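Engineer: Questions regarding the structure given below will be posed in turn.
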Amino acid sequence: MFSLFRSKSAAVDTALVDQLIAFVRGTGLEVREAPTPADTFLPGLLIEQGQLVVDRRRLRYPGDILHEAGHLAVVPAAERAGLGSNIAHYRTESEAQGDEIAAQLWSYAAILAIGLPATVVFHSEGYHGHSEWLTGSYASGVYPGLPLLVWMGLTTAESFPQMTRWLRA
């Protein structure tokens with residue numbers, strides 16, 4: 001069994017991280033493993049020039065890999081390569097808010113496609129204390145953000161949580 005998160009001194013679950021990175025790469029997103037600064041928004045993760053940078057030494061919550069990948073996935077392809085660590089600097093406020101909701105739902109579809117529990121992504125230390133609400137809503141078929149994913153051409157209302165494609169054109 002895998003660990004959903006680790007303490008600052010514990011080792012990250014290598015098999016889980018490998019599985020998540022392989023999935024993200026399989027969507028067509030680029031993932032690079034490299035050291036990250038200590039002050040990244042999510043420990044051990046960074047978006048740089050449209051790539052997801054993963055630092056296993058600093059990574060605390062492996063499921064955050066999917067959330068950050070979701071941010072890259074829902075941004076228009078023409079803008080993706082230019083994204084840096086603070087996506088909000090590259091998007092309008094309303095786009096950034098929509099992207100957050102869409103990235104959350106994208107990561108939920110991703111974790112289901114992988115076959116792991118939603119709590120891998122929606123761990124108790126994330127989402128401003130709303131992880132349980134999000135997983136409960138999703139499990140009951142209530143999908144905030146679904147109209148955005150449909151509008152982006154990533155899924156249909158009838159087929160979600162199956163995705164038509166993983167990256168926005």
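Labels used: A, B, ... for chains in the order of the structure tokens, numbers from 1 for residues in each chain, and numbers from 1 for ligands as shown.
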Could you pull out the strand (DSSP E) residues of stretch 35-124 of chain A from DSSP and send them as a PyMOL selection string?

Structural biologist: chain A and resi 45-48+51-54

Engineer: Identify, on the basis of only C-alpha atoms, every residue whose closest approach to A:Thr27 does not exceed 12 Å; exclude the query and any residue fewer than 3 positions from it along the same chain; express the result as a count of residues only.

Structural biologist: 24

Engineer: Would you pick out the contacts of stretch 50-65 of chain A at 8 Å or less, using only C-alpha atoms, so that residues sharing its chain but fewer than 2 positions from it are not included, and give the list as a VMD selection string?

Structural biologist: chain A and resid 4 to 8 11 to 13 16 to 17 20 to 21 29 to 36 38 42 to 48 67 to 69 72 80 to 84 120 to 123

Engineer: Would you export the selected residues with N, CA and C atoms as a compact mmCIF listing (two decimals), in the first residue's frame, please?

Structural biologist:
# COMPACT_ATOMS: atom_id res chain seq x y z
N LEU A 4 -0.27 8.30 1.44
CA LEU A 4 -0.86 9.47 0.78
C LEU A 4 0.01 10.69 0.91
N PHE A 5 0.69 10.83 2.03
CA PHE A 5 1.61 11.94 2.21
C PHE A 5 2.68 11.51 3.19
N ARG A 6 3.65 12.35 3.35
CA ARG A 6 4.75 11.99 4.23
C ARG A 6 5.10 13.14 5.15
N SER A 7 5.73 12.81 6.22
CA SER A 7 6.25 13.85 7.09
C SER A 7 7.48 14.44 6.42
N LYS A 8 7.96 15.53 6.94
CA LYS A 8 9.11 16.19 6.32
C LYS A 8 10.35 15.30 6.32
N ALA A 11 10.53 9.28 3.67
CA ALA A 11 10.78 9.16 2.24
C ALA A 11 9.45 9.13 1.49
N VAL A 12 9.43 9.73 0.32
CA VAL A 12 8.24 9.72 -0.52
C VAL A 12 8.08 8.32 -1.11
N ASP A 13 6.84 7.93 -1.36
CA ASP A 13 6.53 6.62 -1.94
C ASP A 13 6.93 6.64 -3.42
N LEU A 16 4.44 5.21 -6.10
CA LEU A 16 3.31 6.09 -6.35
C LEU A 16 3.73 7.28 -7.20
N VAL A 17 4.84 7.89 -6.86
CA VAL A 17 5.33 9.03 -7.65
C VAL A 17 5.61 8.60 -9.08
N LEU A 20 2.27 8.27 -10.93
CA LEU A 20 1.65 9.56 -11.23
C LEU A 20 2.40 10.29 -12.35
N ILE A 21 3.72 10.27 -12.29
CA ILE A 21 4.53 10.92 -13.33
C ILE A 21 4.29 10.23 -14.67
N LEU A 29 1.91 15.89 -21.38
CA LEU A 29 2.59 16.96 -20.65
C LEU A 29 4.03 16.54 -20.36
N GLU A 30 4.90 17.54 -20.28
CA GLU A 30 6.30 17.27 -19.98
C GLU A 30 6.52 17.35 -18.47
N VAL A 31 7.24 16.35 -17.96
CA VAL A 31 7.61 16.31 -16.55
C VAL A 31 9.13 16.18 -16.49
N ARG A 32 9.73 17.03 -15.68
CA ARG A 32 11.18 17.00 -15.49
C ARG A 32 11.45 16.84 -14.00
N GLU A 33 12.36 15.94 -13.67
CA GLU A 33 12.74 15.79 -12.27
C GLU A 33 14.01 16.60 -12.04
N ALA A 34 13.93 17.52 -11.07
CA ALA A 34 15.04 18.41 -10.76
C ALA A 34 14.81 19.02 -9.39
N PRO A 35 15.86 19.54 -8.77
CA PRO A 35 15.68 20.23 -7.48
C PRO A 35 14.78 21.46 -7.65
N THR A 36 13.97 21.72 -6.63
CA THR A 36 13.13 22.92 -6.59
C THR A 36 13.52 23.75 -5.38
N ALA A 38 13.05 25.80 -1.87
CA ALA A 38 12.32 25.43 -0.66
C ALA A 38 10.98 26.16 -0.55
N LEU A 42 3.61 24.50 -3.65
CA LEU A 42 3.41 23.12 -3.19
C LEU A 42 4.79 22.49 -3.06
N PRO A 43 5.09 21.90 -1.92
CA PRO A 43 6.44 21.35 -1.70
C PRO A 43 6.86 20.36 -2.79
N GLY A 44 8.03 20.63 -3.38
CA GLY A 44 8.60 19.72 -4.35
C GLY A 44 8.03 19.82 -5.75
N LEU A 45 7.21 20.83 -6.01
CA LEU A 45 6.60 20.98 -7.34
C LEU A 45 6.74 22.41 -7.83
N LEU A 46 6.90 22.51 -9.14
CA LEU A 46 7.08 23.81 -9.76
C LEU A 46 6.65 23.70 -11.22
N ILE A 47 6.06 24.73 -11.73
CA ILE A 47 5.79 24.81 -13.16
C ILE A 47 6.79 25.79 -13.73
N GLU A 48 7.50 25.33 -14.77
CA GLU A 48 8.56 26.14 -15.36
C GLU A 48 8.55 25.94 -16.87
N HIS A 67 -2.64 17.54 -9.45
CA HIS A 67 -3.28 18.86 -9.40
C HIS A 67 -2.50 19.87 -10.24
N GLU A 68 -1.20 19.89 -10.08
CA GLU A 68 -0.39 20.83 -10.85
C GLU A 68 -0.43 20.49 -12.34
N ALA A 69 -0.44 19.21 -12.67
CA ALA A 69 -0.58 18.81 -14.07
C ALA A 69 -1.92 19.29 -14.62
N LEU A 72 -1.71 22.77 -15.90
CA LEU A 72 -1.13 22.83 -17.24
C LEU A 72 -2.10 22.34 -18.30
N ARG A 80 0.45 27.32 -22.89
CA ARG A 80 1.03 26.34 -21.96
C ARG A 80 2.54 26.46 -21.83
N ALA A 81 3.25 26.52 -22.95
CA ALA A 81 4.71 26.50 -22.93
C ALA A 81 5.31 27.71 -22.20
N GLY A 82 4.56 28.78 -22.11
CA GLY A 82 5.08 29.98 -21.46
C GLY A 82 4.78 30.08 -19.98
N LEU A 83 4.07 29.10 -19.43
CA LEU A 83 3.68 29.19 -18.02
C LEU A 83 4.85 29.00 -17.08
N GLY A 84 4.80 29.78 -16.00
CA GLY A 84 5.81 29.69 -14.96
C GLY A 84 5.19 29.33 -13.63
N VAL A 120 -5.81 10.44 -2.61
CA VAL A 120 -4.41 10.63 -3.00
C VAL A 120 -4.21 12.09 -3.44
N VAL A 121 -5.15 12.61 -4.20
CA VAL A 121 -5.07 14.01 -4.65
C VAL A 121 -5.65 14.94 -3.59
N PHE A 122 -6.82 14.59 -3.09
CA PHE A 122 -7.54 15.47 -2.17
C PHE A 122 -7.23 15.08 -0.73
N HIS A 123 -5.97 15.26 -0.36
CA HIS A 123 -5.50 14.90 0.97
C HIS A 123 -5.94 15.94 2.00

Engineer: My list of candidates is A:Gln19, A:Ser85, A:Thr14, A:Ser159. Which is closest to A:Gly141 when distances are computed with only C-alpha atoms?

Structural biologist: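 Using only C-alpha atoms, the shortest distance to A:Gly141 belongs to A:Ser159.
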
Engineer: Take atom CA of A:Leu149 and atom CA of A:Ser94 and report the distance between them in Å, one decimal.

Structural biologist: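 Atom-to-atom, atom CA of A:Leu149 and atom CA of A:Ser94 are spaced 15.3 Å apart.
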
Engineer: For A:Gln97, which residue among A:Ala109, A:Gly145, A:Asp18, A:Thr156 is the nearest when counting only C-alpha atoms?

Structural biologist: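 Result for the nearest residue to A:Gln97: A:Gly145.
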
Engineer: Can you measure atom CA of A:Pro117 to atom CA of A:Phe41 for me? One decimal in Å is fine.

Structural biologist: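 It comes out at 23.7 Å.
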